[in-house]
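Here's query_13.txt, which has compact mmCIF, C-alpha atoms:
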# COMPACT_ATOMS: atom_id res chain seq x y z
CA MET A 1 23.90 26.71 -8.90
CA SER A 2 22.07 27.79 -5.75
CA SER A 3 19.11 25.58 -6.68
CA ARG A 4 21.35 22.51 -6.91
CA GLY A 5 22.94 23.45 -3.62
CA GLU A 6 19.57 23.70 -1.91
CA THR A 7 18.50 20.33 -3.32
CA ALA A 8 21.69 18.67 -2.12
CA GLU A 9 21.28 20.26 1.30
CA GLU A 10 17.68 19.08 1.59
CA THR A 11 18.62 15.58 0.46
CA ALA A 12 21.28 15.43 3.13
CA LYS A 13 18.74 16.50 5.71
CA ALA A 14 16.45 13.68 4.57
CA SER A 15 18.51 11.11 6.41
CA VAL A 16 18.69 13.07 9.67
CA PRO A 17 16.33 11.78 12.36
CA ILE A 18 15.35 15.26 13.55
CA GLN A 19 12.45 13.87 15.56
CA ALA A 20 14.92 12.22 17.94
CA HIS A 21 15.37 15.61 19.57
CA VAL A 22 11.63 16.04 20.14
CA ILE A 23 10.33 12.67 21.42
CA ASP A 24 12.50 10.45 23.62
CA GLN A 25 13.34 6.89 22.59
CA PRO A 26 10.93 4.95 24.89
CA LYS A 27 8.01 7.16 23.89
CA ARG A 28 8.88 6.79 20.21
CA LYS A 29 8.86 3.00 20.58
CA LYS A 30 5.46 3.12 22.28
CA ILE A 31 3.99 5.33 19.55
CA ILE A 32 5.36 3.08 16.81
CA ASN A 33 3.90 -0.01 18.52
CA ILE A 34 0.49 1.70 18.77
CA VAL A 35 0.76 2.58 15.08
CA TYR A 36 1.45 -1.09 14.28
CA LEU A 37 -1.76 -1.98 16.17
CA ILE A 38 -3.76 0.67 14.26
CA ILE A 39 -2.42 -0.68 10.95
CA THR A 40 -3.31 -4.26 11.94
CA LEU A 41 -6.87 -3.20 12.77
CA ASP A 42 -7.21 -1.16 9.57
CA ILE A 43 -6.05 -4.10 7.43
CA THR A 44 -8.47 -6.33 9.34
CA TRP A 45 -11.39 -4.06 8.44
CA MET A 46 -10.15 -3.79 4.85
CA PHE A 47 -10.13 -7.57 4.35
CA LEU A 48 -13.45 -7.79 6.18
CA GLN A 49 -14.80 -5.55 3.42
CA PHE A 50 -13.30 -7.84 0.75
CA SER A 51 -15.57 -10.58 2.11
CA ILE A 52 -18.62 -8.38 1.53
CA THR A 53 -18.35 -6.27 -1.63
CA PRO A 54 -17.80 -8.89 -4.40
CA TYR A 55 -20.64 -11.11 -3.16
CA LEU A 56 -23.02 -8.19 -2.52
CA ALA A 57 -22.21 -6.88 -6.00
CA LYS A 58 -23.09 -10.28 -7.49
CA LYS A 59 -26.42 -10.21 -5.65
CA LEU A 60 -27.12 -6.77 -7.09
CA GLY A 61 -26.51 -8.02 -10.64
CA PHE A 62 -22.89 -6.91 -11.27
CA ASP A 63 -20.93 -8.88 -13.86
CA THR A 64 -17.12 -9.06 -14.16
CA LEU A 65 -16.92 -5.83 -16.16
CA TRP A 66 -19.00 -3.80 -13.67
CA LEU A 67 -17.02 -5.23 -10.75
CA GLY A 68 -13.98 -3.89 -12.57
CA TYR A 69 -15.59 -0.45 -12.85
CA LEU A 70 -16.36 -0.50 -9.12
CA GLN A 71 -12.73 -1.25 -8.27
CA THR A 72 -11.58 1.36 -10.77
CA MET A 73 -13.63 3.98 -8.94
CA VAL A 74 -11.80 3.16 -5.69
CA GLY A 75 -8.44 3.44 -7.40
CA LEU A 76 -9.39 6.73 -9.05
CA THR A 77 -10.62 8.36 -5.83
CA GLN A 78 -7.54 7.26 -3.91
CA LEU A 79 -5.29 8.29 -6.77
CA VAL A 80 -6.70 11.82 -6.45
CA GLY A 81 -6.65 11.79 -2.66
CA GLY A 82 -3.29 10.09 -1.98
CA PRO A 83 -0.78 12.88 -2.74
CA MET A 84 -3.08 15.54 -1.25
CA PHE A 85 -3.57 13.47 1.87
CA GLY A 86 0.19 13.00 2.26
CA ARG A 87 0.62 16.77 2.03
CA PHE A 88 -2.23 17.20 4.55
CA ALA A 89 -0.46 14.83 6.98
CA ASP A 90 2.83 16.77 6.67
CA ILE A 91 1.08 20.07 7.41
CA PHE A 92 -1.56 19.20 10.01
CA GLY A 93 0.15 16.28 11.73
CA ALA A 94 -0.29 12.57 12.27
CA ARG A 95 -3.23 12.68 14.71
CA THR A 96 -5.43 14.84 12.47
CA ALA A 97 -4.57 12.81 9.37
CA LEU A 98 -5.22 9.43 10.99
CA SER A 99 -8.43 10.72 12.63
CA LEU A 100 -9.73 11.82 9.23
CA SER A 101 -8.89 8.43 7.69
CA CYS A 102 -10.53 6.42 10.46
CA SER A 103 -13.64 8.63 10.38
CA ALA A 104 -13.91 8.13 6.61
CA THR A 105 -13.65 4.36 7.14
CA ILE A 106 -16.58 4.46 9.58
CA VAL A 107 -18.72 6.32 7.01
CA PHE A 108 -17.57 3.87 4.31
CA PHE A 109 -18.83 0.84 6.25
CA LEU A 110 -22.10 2.51 7.25
CA LEU A 111 -22.84 3.31 3.60
CA LEU A 112 -21.95 -0.27 2.65
CA ALA A 113 -24.38 -1.56 5.30
CA ILE A 114 -27.29 0.29 3.69
CA ALA A 115 -26.28 -0.35 0.05
CA SER A 116 -29.33 -1.97 -1.54
CA ASN A 117 -28.86 -1.04 -5.20
CA PRO A 118 -25.96 -0.57 -7.68
CA ALA A 119 -25.93 3.23 -7.30
CA MET A 120 -25.48 2.97 -3.52
CA LEU A 121 -22.72 0.42 -3.97
CA PHE A 122 -20.83 2.94 -6.10
CA PHE A 123 -21.64 5.82 -3.72
CA HIS A 124 -20.26 4.00 -0.67
CA LYS A 125 -16.79 4.16 -2.30
CA VAL A 126 -16.67 7.99 -2.14
CA PRO A 127 -15.15 8.14 1.40
CA THR A 128 -12.13 6.19 0.10
CA VAL A 129 -10.72 9.55 -1.05
CA PHE A 130 -9.81 10.10 2.64
CA MET A 131 -9.05 6.49 3.60
CA HIS A 132 -5.25 6.52 3.81
CA VAL A 133 -4.47 4.97 7.19
CA LEU A 134 -1.56 2.96 5.79
CA PRO A 135 0.50 5.83 4.24
CA ALA A 136 -0.23 8.08 7.26
CA SER A 137 1.00 5.30 9.56
CA GLN A 138 4.05 4.73 7.37
CA MET A 139 4.82 8.43 7.74
CA VAL A 140 4.77 8.13 11.54
CA VAL A 141 7.06 5.08 11.46
CA ALA A 142 9.45 6.78 9.01
CA ASP A 143 9.51 9.99 11.10
CA LEU A 144 10.23 8.19 14.38
CA SER A 145 12.75 5.59 13.17
CA GLU A 146 16.46 6.01 12.47
CA PRO A 147 17.35 6.10 8.74
CA ASP A 148 19.52 2.97 8.94
CA LYS A 149 16.67 1.09 10.66
CA ARG A 150 13.86 2.47 8.52
CA ALA A 151 13.61 -0.52 6.16
CA ALA A 152 13.32 -2.92 9.11
CA ALA A 153 10.72 -0.69 10.79
CA LEU A 154 8.66 -0.40 7.60
CA SER A 155 8.94 -4.14 6.96
CA LYS A 156 7.14 -4.80 10.26
CA ILE A 157 4.13 -3.08 8.73
CA GLY A 158 3.98 -6.10 6.44
CA LEU A 159 3.79 -8.31 9.53
CA CYS A 160 0.79 -6.23 10.66
CA PHE A 161 -0.62 -6.67 7.16
CA GLY A 162 -0.35 -10.44 7.47
CA ILE A 163 -2.08 -10.52 10.86
CA GLY A 164 -4.84 -8.22 9.60
CA MET A 165 -5.25 -10.29 6.46
CA ILE A 166 -5.75 -13.47 8.47
CA ALA A 167 -8.09 -11.88 11.01
CA GLY A 168 -10.10 -9.88 8.46
CA SER A 169 -10.48 -12.64 5.89
CA THR A 170 -11.42 -15.32 8.42
CA LEU A 171 -13.73 -13.03 10.39
CA GLY A 172 -15.29 -11.56 7.26
CA GLY A 173 -15.94 -14.98 5.72
CA GLN A 174 -17.51 -16.32 8.93
CA LEU A 175 -19.66 -13.23 9.64
CA ASN A 176 -20.83 -12.93 6.02
CA THR A 177 -21.76 -16.61 5.83
CA ARG A 178 -23.63 -16.65 9.15
CA TYR A 179 -25.11 -13.15 9.50
CA GLY A 180 -25.00 -11.55 6.04
CA GLU A 181 -23.43 -8.46 4.48
CA THR A 182 -25.27 -5.80 6.53
CA PHE A 183 -24.19 -7.16 9.91
CA THR A 184 -20.60 -7.64 8.70
CA ALA A 185 -20.46 -4.04 7.42
CA CYS A 186 -21.80 -2.70 10.76
CA PHE A 187 -19.15 -4.74 12.55
CA GLY A 188 -16.52 -3.07 10.34
CA ALA A 189 -17.88 0.38 11.26
CA LEU A 190 -17.69 -0.46 14.97
CA GLY A 191 -14.13 -1.72 14.59
CA SER A 192 -13.10 1.43 12.73
CA ALA A 193 -14.55 3.53 15.57
CA PHE A 194 -12.26 1.67 17.98
CA SER A 195 -9.28 2.48 15.71
CA LEU A 196 -10.30 6.16 15.85
CA LEU A 197 -10.28 6.07 19.66
CA LEU A 198 -6.73 4.65 19.63
CA VAL A 199 -5.60 7.49 17.37
CA LEU A 200 -7.14 10.19 19.56
CA LYS A 201 -5.70 8.64 22.74
CA PHE A 202 -2.14 7.73 21.78
CA ILE A 203 -0.97 9.46 18.58
CA PRO A 204 0.75 12.86 19.08
CA LYS A 205 -0.43 15.88 17.16
CA SER A 206 2.76 15.86 15.10
CA THR A 207 5.69 13.48 14.70
CA LYS A 208 7.91 16.06 13.00
CA ALA A 209 10.31 18.55 14.55
CA GLN A 210 9.45 22.22 14.29
CA ALA A 211 11.54 23.81 11.57
CA THR A 212 13.81 26.59 12.76
CA GLY A 213 14.88 29.55 10.74
CA THR A 214 12.18 29.07 8.16
CA ASN A 215 11.12 32.23 6.46
CA LYS A 216 7.50 33.31 6.36
CA ASP A 217 7.13 32.93 2.59
CA SER A 218 8.17 29.29 2.62
CA GLU A 219 5.86 28.64 5.59
CA ASN A 220 2.88 30.08 3.72
CA LYS A 221 3.89 28.13 0.63
CA SER A 222 4.03 24.89 2.57
CA LYS A 223 0.54 25.44 3.97
CA SER A 224 -1.06 24.92 0.55
CA ILE A 225 -2.33 21.33 0.46
CA PHE A 226 -3.33 21.64 -3.19
CA ASN A 227 -0.02 23.10 -4.38
CA MET A 228 0.89 20.49 -7.01
CA GLY A 229 4.22 22.21 -7.56
CA GLU A 230 5.22 21.44 -3.97
CA ILE A 231 4.12 17.83 -4.39
CA THR A 232 5.81 17.19 -7.75
CA ARG A 233 8.95 19.05 -6.59
CA LEU A 234 9.93 15.89 -4.74
CA MET A 235 10.51 14.23 -8.11
CA LYS A 236 13.48 16.55 -8.69
CA PHE A 237 15.53 15.02 -5.88
CA PRO A 238 18.32 12.68 -7.07
CA GLY A 239 17.09 9.19 -7.92
CA VAL A 240 13.45 9.82 -7.02
CA MET A 241 11.97 10.02 -10.52
CA ARG A 242 13.77 6.89 -11.72
CA MET A 243 12.73 4.85 -8.69
CA PHE A 244 9.16 6.14 -8.98
CA VAL A 245 8.96 5.01 -12.62
CA VAL A 246 10.37 1.58 -11.67
CA LYS A 247 7.76 1.30 -8.92
CA ILE A 248 4.96 1.98 -11.40
CA ILE A 249 6.15 -0.19 -14.30
CA ALA A 250 7.31 -3.21 -12.27
CA GLY A 251 4.29 -3.01 -9.95
CA LEU A 252 1.61 -2.73 -12.64
CA PRO A 253 1.35 -6.41 -13.75
CA SER A 254 1.25 -7.82 -10.20
CA GLY A 255 -1.18 -5.02 -9.30
CA ILE A 256 -3.51 -6.18 -12.08
CA PHE A 257 -3.51 -9.70 -10.64
CA GLN A 258 -4.18 -8.42 -7.11
CA VAL A 259 -7.19 -6.29 -8.05
CA MET A 260 -8.58 -9.12 -10.20
CA PHE A 261 -8.08 -11.78 -7.53
CA SER A 262 -11.57 -11.53 -6.00
CA ILE A 263 -13.03 -12.20 -9.45
CA ILE A 264 -10.49 -14.97 -10.17
CA ALA A 265 -11.34 -16.60 -6.82
CA MET A 266 -15.08 -16.58 -7.61
CA GLU A 267 -15.04 -17.47 -11.30
CA PHE A 268 -11.80 -19.37 -11.99
CA PHE A 269 -11.34 -21.17 -8.65
CA LYS A 270 -15.11 -21.24 -7.82
CA LEU A 271 -14.52 -20.39 -4.14
CA THR A 272 -17.27 -19.62 -1.63
CA PRO A 273 -16.90 -16.62 0.75
CA GLU A 274 -15.73 -18.96 3.53
CA GLN A 275 -13.19 -20.73 1.30
CA ASN A 276 -11.95 -17.38 0.02
CA GLY A 277 -11.48 -16.29 3.64
CA TYR A 278 -9.31 -19.33 4.33
CA LEU A 279 -7.22 -18.66 1.24
CA MET A 280 -6.68 -15.04 2.28
CA ALA A 281 -5.70 -16.29 5.74
CA TYR A 282 -3.05 -18.42 4.05
CA PHE A 283 -1.81 -15.25 2.34
CA GLY A 284 -1.63 -13.63 5.76
CA ILE A 285 0.37 -16.49 7.32
CA ALA A 286 2.82 -16.40 4.42
CA SER A 287 3.13 -12.62 4.75
CA MET A 288 3.73 -12.85 8.52
CA VAL A 289 6.52 -15.41 8.10
CA ILE A 290 8.18 -13.43 5.31
CA GLN A 291 7.87 -10.00 6.93
CA GLY A 292 8.62 -11.12 10.46
CA GLY A 293 11.42 -13.59 9.84
CA VAL A 294 12.98 -12.88 6.46
CA ILE A 295 12.85 -9.30 5.17
CA GLY A 296 14.26 -7.60 8.28
CA ARG A 297 17.31 -9.91 8.25
CA LEU A 298 17.88 -9.47 4.54
CA THR A 299 17.73 -5.66 4.74
CA ALA A 300 20.35 -5.77 7.50
CA SER A 301 22.71 -7.94 5.44
CA TYR A 302 22.34 -6.86 1.80
CA SER A 303 22.16 -3.60 -0.14
CA GLU A 304 18.82 -2.13 -1.13
CA SER A 305 19.67 -2.25 -4.85
CA SER A 306 20.47 -5.98 -4.65
CA LEU A 307 17.23 -6.74 -2.81
CA LEU A 308 15.28 -4.70 -5.34
CA LEU A 309 16.73 -6.81 -8.16
CA LEU A 310 15.91 -9.99 -6.24
CA SER A 311 12.27 -9.01 -5.71
CA ILE A 312 11.74 -8.08 -9.37
CA GLY A 313 13.44 -11.26 -10.59
CA ILE A 314 11.27 -13.48 -8.38
CA SER A 315 8.15 -11.54 -9.41
CA SER A 316 8.83 -12.33 -13.07
CA LEU A 317 9.08 -16.07 -12.29
CA VAL A 318 5.86 -15.91 -10.26
CA GLY A 319 4.10 -14.40 -13.28
CA LEU A 320 5.34 -17.23 -15.48
CA ALA A 321 4.10 -19.84 -12.98
CA GLN A 322 0.68 -18.18 -12.63
CA ALA A 323 0.29 -18.11 -16.41
CA TYR A 324 0.16 -21.91 -16.44
CA MET A 325 -1.66 -22.70 -13.17
CA GLN A 326 -4.86 -24.72 -13.49
CA ASN A 327 -6.25 -24.99 -9.94
CA VAL A 328 -6.15 -23.42 -6.50
CA PHE A 329 -3.52 -25.90 -5.22
CA GLN A 330 -1.06 -24.84 -7.94
CA PHE A 331 -1.81 -21.21 -7.11
CA CYS A 332 -1.04 -21.85 -3.44
CA LEU A 333 2.44 -23.04 -4.45
CA THR A 334 3.14 -19.59 -5.94
CA VAL A 335 1.84 -17.66 -2.92
CA ILE A 336 5.05 -17.68 -0.83
CA PRO A 337 7.37 -16.38 -3.62
CA MET A 338 4.63 -13.94 -4.68
CA MET A 339 4.25 -12.52 -1.17
CA PHE A 340 8.03 -12.33 -0.75
CA ALA A 341 8.47 -10.43 -4.02
CA LEU A 342 5.60 -8.02 -3.31
CA SER A 343 6.66 -7.34 0.28
CA MET A 344 10.32 -6.84 -0.53
CA PHE A 345 9.58 -4.64 -3.54
CA ASN A 346 7.26 -2.32 -1.59
CA VAL A 347 9.52 -2.05 1.48
CA ILE A 348 12.67 -1.35 -0.53
CA THR A 349 11.13 1.17 -2.93
CA ASP A 350 9.36 3.06 -0.10
CA THR A 351 12.58 3.11 1.95
CA MET A 352 14.72 4.36 -0.93
CA LEU A 353 12.21 7.07 -1.83
CA THR A 354 11.77 8.39 1.73
CA LYS A 355 15.54 8.49 2.24
CA ASN A 356 15.91 10.71 -0.82
CA VAL A 357 13.59 13.49 0.39
CA PRO A 358 13.66 15.76 3.48
CA SER A 359 12.20 14.16 6.61
CA SER A 360 9.68 17.01 6.81
CA GLU A 361 8.10 15.71 3.59
CA THR A 362 7.97 11.96 4.18
CA GLY A 363 4.16 12.13 4.35
CA THR A 364 3.93 13.68 0.89
CA MET A 365 6.40 11.13 -0.49
CA LEU A 366 4.51 8.20 1.03
CA GLY A 367 1.28 9.75 -0.28
CA LEU A 368 2.81 9.62 -3.76
CA CYS A 369 3.87 6.02 -3.13
CA GLY A 370 0.31 5.24 -2.11
CA SER A 371 -0.92 6.92 -5.29
CA VAL A 372 1.07 4.34 -7.28
CA GLN A 373 -1.04 1.61 -5.69
CA SER A 374 -4.14 3.67 -6.43
CA LEU A 375 -3.04 4.07 -10.05
CA LEU A 376 -2.72 0.30 -10.28
CA ARG A 377 -6.21 -0.09 -8.81
CA THR A 378 -7.50 2.48 -11.32
CA VAL A 379 -6.19 0.92 -14.52
CA GLY A 380 -5.86 -2.62 -13.16
CA PRO A 381 -9.54 -3.65 -13.08
CA THR A 382 -10.25 -2.32 -16.58
CA VAL A 383 -7.08 -3.78 -18.12
CA GLY A 384 -7.35 -6.96 -16.07
CA GLY A 385 -11.03 -7.42 -16.89
CA PHE A 386 -10.30 -7.01 -20.60
CA LEU A 387 -7.39 -9.49 -20.49
CA TYR A 388 -9.28 -12.02 -18.37
CA VAL A 389 -12.45 -11.99 -20.50
CA ASN A 390 -10.67 -12.04 -23.87
CA TYR A 391 -7.42 -13.94 -23.29
CA GLY A 392 -7.81 -15.76 -19.99
CA ILE A 393 -5.88 -15.69 -16.74
CA SER A 394 -2.64 -16.81 -18.43
CA SER A 395 -2.32 -13.46 -20.23
CA ILE A 396 -2.00 -11.59 -16.90
CA GLY A 397 0.82 -13.88 -15.75
CA LEU A 398 2.70 -13.69 -19.05
CA ILE A 399 2.58 -9.87 -19.07
CA GLN A 400 3.96 -9.86 -15.51
CA PHE A 401 6.80 -12.14 -16.62
CA VAL A 402 7.78 -10.05 -19.66
CA VAL A 403 7.54 -6.63 -17.95
CA ASN A 404 9.47 -7.66 -14.85
CA ILE A 405 12.21 -9.37 -16.87
CA ALA A 406 12.66 -6.15 -18.85
CA VAL A 407 12.90 -4.03 -15.67
CA PHE A 408 15.28 -6.58 -14.11
CA VAL A 409 17.63 -6.44 -17.10
CA TYR A 410 17.56 -2.61 -17.09
CA LEU A 411 18.40 -2.35 -13.37
CA LEU A 412 21.04 -5.09 -13.56
CA GLN A 413 22.75 -3.38 -16.49
CA ARG A 414 22.68 -0.08 -14.61
CA GLN A 415 24.15 -1.64 -11.47
CA VAL A 416 26.92 -3.41 -13.42
CA THR A 417 27.83 -0.15 -15.18
CA LYS A 418 27.89 1.71 -11.87
CA THR A 419 30.12 -0.93 -10.26
CA ALA A 420 32.51 -0.83 -13.22
CA LYS A 421 32.82 2.95 -12.97
CA GLN A 422 33.54 2.75 -9.24
CA LYS A 423 36.37 0.26 -9.87
CA GLU A 424 37.92 2.61 -12.41
Before anything else, please render the file you have as structure tokens.
Amino acid sequence: MSSRGETAEETAKASVPIQAHVIDQPKRKKIINIVYLIITLDITWMFLQFSITPYLAKKLGFDTLWLGYLQTMVGLTQLVGGPMFGRFADIFGARTALSLSCSATIVFFLLLAIASNPAMLFFHKVPTVFMHVLPASQMVVADLSEPDKRAAALSKIGLCFGIGMIAGSTLGGQLNTRYGETFTACFGALGSAFSLLLVLKFIPKSTKAQATGTNKDSENKSKSIFNMGEITRLMKFPGVMRMFVVKIIAGLPSGIFQVMFSIIAMEFFKLTPEQNGYLMAYFGIASMVIQGGVIGRLTASYSESSLLLLSIGISSLVGLAQAYMQNVFQFCLTVIPMMFALSMFNVITDTMLTKNVPSSETGTMLGLCGSVQSLLRTVGPTVGGFLYVNYGISSIGLIQFVVNIAVFVYLLQRQVTKTAKQKE
């Protein structure tokens, strides 16, 4: 009985913006805006890297299967590092966590710049175990925003994503075409160093309030970064496990398409690095319009459960359309609904999950959310490579359609049952 009481009490505390008593409103706004800038830069460097790795791998003799293994390694390392890093951010604070991530990104690009053989190309992925700028930044935004405005605040991260996607893809394509992979990788390292300076200058040591009345045992317990019991304990809060499973199952098919896209762009659409950069810039423009002008308004007007159903329903239709596309123009027609579904799904699931846990553990929760993406990047390349080689691109779209329709029906049935019970 006491255990249930404690869980209920902690869940209630999850929606309390305790940080409001520590950092005043103008300063919180400034910090959040700086975090948006750091995210934009990080996404820029990430998409810059996407303009290097696939083409460098081809030069070094990688085929589709080995490209899949390379991407799987990234997913696996981030899958291991994600939850631990979230716990690290909760314990040691935002500045330390973001500094570690930015430093790891610098090392990542420097290793990429000197990669001259397949072994080095694999080795340069090792720092990705610490590269979690996005979930650490999401933690800061979640900590410093009011619960009822959290979805809107998190949705603006998607706007940053769109800007970074445009800048990184265009810049990466141009630099790689004109100056080669080594110069482009060094440019990414320099840019990541600038991001690190922003973190050290503007991000506070911690964005969480100091807990009062906490006993010494629980303090010592919380200091263990590798305490899996403390990490998995979050799954026991009401609604968390179910939403987490939905996030994995519904996100897996679209995740497979995302991790396979660089290969699809090269082999199915036959795009050059520069053309691929322009296509990714189109993704970014679509993302900016959706995140900046659509999602914030929808979250203010409709319930989270309704928007979750909408995103999954649209995702299933996108999968069906992509199963039958024949050229890059037809694919471009599916980009806007695809970006809408992906953006809405990620914002709503992250918002619902962080609201269901104590605010002192939003970093750990977002680390777990990030690990879902890492799980998709771990199994996605292997599964996607197998499907693409043996059954073609249509198989990936059809699986997305079937899986998302099944999840949609399950959630709709659950919502109808819940509404009927409330009326009784």
Next on the checklist: List as a PyMOL selection string the protein and nucleic acid residues near range 151-162 of chain A, meaning an atom at most 8 Å away when only C-alpha atoms are counted, but skip any in the same chain fewer than 3 places from it.
Outcome noted: chain A and resi 36-37+39-40+43+138+141-142+145+148+165-166+283-292+295-296+299-300+343+347-348+351
Resulting file, chosen residues, C-alpha atoms, as a PDB file, in the coordinates of the input:
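Wrote it out as selection_10.pdb, contents follow:
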ATOM      1  CA  TYR A  36       1.450  -1.090  14.280  1.00  0.00           C
ATOM      2  CA  LEU A  37      -1.760  -1.980  16.170  1.00  0.00           C
ATOM      3  CA  ILE A  39      -2.420  -0.680  10.950  1.00  0.00           C
ATOM      4  CA  THR A  40      -3.310  -4.260  11.940  1.00  0.00           C
ATOM      5  CA  ILE A  43      -6.050  -4.100   7.430  1.00  0.00           C
ATOM      6  CA  GLN A 138       4.050   4.730   7.370  1.00  0.00           C
ATOM      7  CA  VAL A 141       7.060   5.080  11.460  1.00  0.00           C
ATOM      8  CA  ALA A 142       9.450   6.780   9.010  1.00  0.00           C
ATOM      9  CA  SER A 145      12.750   5.590  13.170  1.00  0.00           C
ATOM     10  CA  ASP A 148      19.520   2.970   8.940  1.00  0.00           C
ATOM     11  CA  MET A 165      -5.250 -10.290   6.460  1.00  0.00           C
ATOM     12  CA  ILE A 166      -5.750 -13.470   8.470  1.00  0.00           C
ATOM     13  CA  PHE A 283      -1.810 -15.250   2.340  1.00  0.00           C
ATOM     14  CA  GLY A 284      -1.630 -13.630   5.760  1.00  0.00           C
ATOM     15  CA  ILE A 285       0.370 -16.490   7.320  1.00  0.00           C
ATOM     16  CA  ALA A 286       2.820 -16.400   4.420  1.00  0.00           C
ATOM     17  CA  SER A 287       3.130 -12.620   4.750  1.00  0.00           C
ATOM     18  CA  MET A 288       3.730 -12.850   8.520  1.00  0.00           C
ATOM     19  CA  VAL A 289       6.520 -15.410   8.100  1.00  0.00           C
ATOM     20  CA  ILE A 290       8.180 -13.430   5.310  1.00  0.00           C
ATOM     21  CA  GLN A 291       7.870 -10.000   6.930  1.00  0.00           C
ATOM     22  CA  GLY A 292       8.620 -11.120  10.460  1.00  0.00           C
ATOM     23  CA  ILE A 295      12.850  -9.300   5.170  1.00  0.00           C
ATOM     24  CA  GLY A 296      14.260  -7.600   8.280  1.00  0.00           C
ATOM     25  CA  THR A 299      17.730  -5.660   4.740  1.00  0.00           C
ATOM     26  CA  ALA A 300      20.350  -5.770   7.500  1.00  0.00           C
ATOM     27  CA  SER A 343       6.660  -7.340   0.280  1.00  0.00           C
ATOM     28  CA  VAL A 347       9.520  -2.050   1.480  1.00  0.00           C
ATOM     29  CA  ILE A 348      12.670  -1.350  -0.530  1.00  0.00           C
ATOM     30  CA  THR A 351      12.580   3.110   1.950  1.00  0.00           C
TER      31      THR A 351
END
Item to check | Pairwise distance for CA of Ala119 in chain A and CA of Thr77 in chain A, rounded to one decimal in Å | outcome: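 Here the two named atoms are 16.2 Å from each other.
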Checklist entry - Given the choices A:Ala250, A:Ile32, A:Leu317, A:Leu353, which gets closest to Leu234 in chain A if the distance is worked out from all atoms listed in the file? => result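 Once distances to Leu234 in chain A are computed over all atoms listed in the file, the minimum belongs to A:Leu353.
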As lines of an AutoDock Vina configuration file, please report the centre and edge lengths, rounded to one decimal in Å, of the axis-aligned box that holds all listed atoms of range 318-321 of chain A with 8 Å of padding on each of the six sides.
center_x = 5.0
center_y = -17.1
center_z = -12.9
size_x = 17.8
size_y = 21.4
size_z = 21.2
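Computed from the coordinates, the CA of Leu100 in chain A to CA of Val133 in chain A distance equals 8.9 Å.
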Next on the checklist: Calculated over all atoms listed in the file, which of the candidates A:Gln373, A:Ala341, A:Val80, A:Leu309 has the smallest distance to Val416 in chain A?
Outcome noted: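 That would be A:Leu309, the residue with the smallest distance to Val416 in chain A.
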Next on the checklist: Given all atoms listed in the file as the basis, pick out the residue of A:Leu333, A:Leu411, A:Met365, A:Ile114 nearest to Phe88 in chain A.
Outcome noted: A:Met365
Next on the checklist: So that I can see what lies close to Val383 in chain A, please list as a PyMOL selection string the residues with an atom at most 10 Å from it, counting only C-alpha atoms and leaving out residues fewer than 6 positions away in the same chain.
Outcome noted: chain A and resi 68+253+256+260+376+396
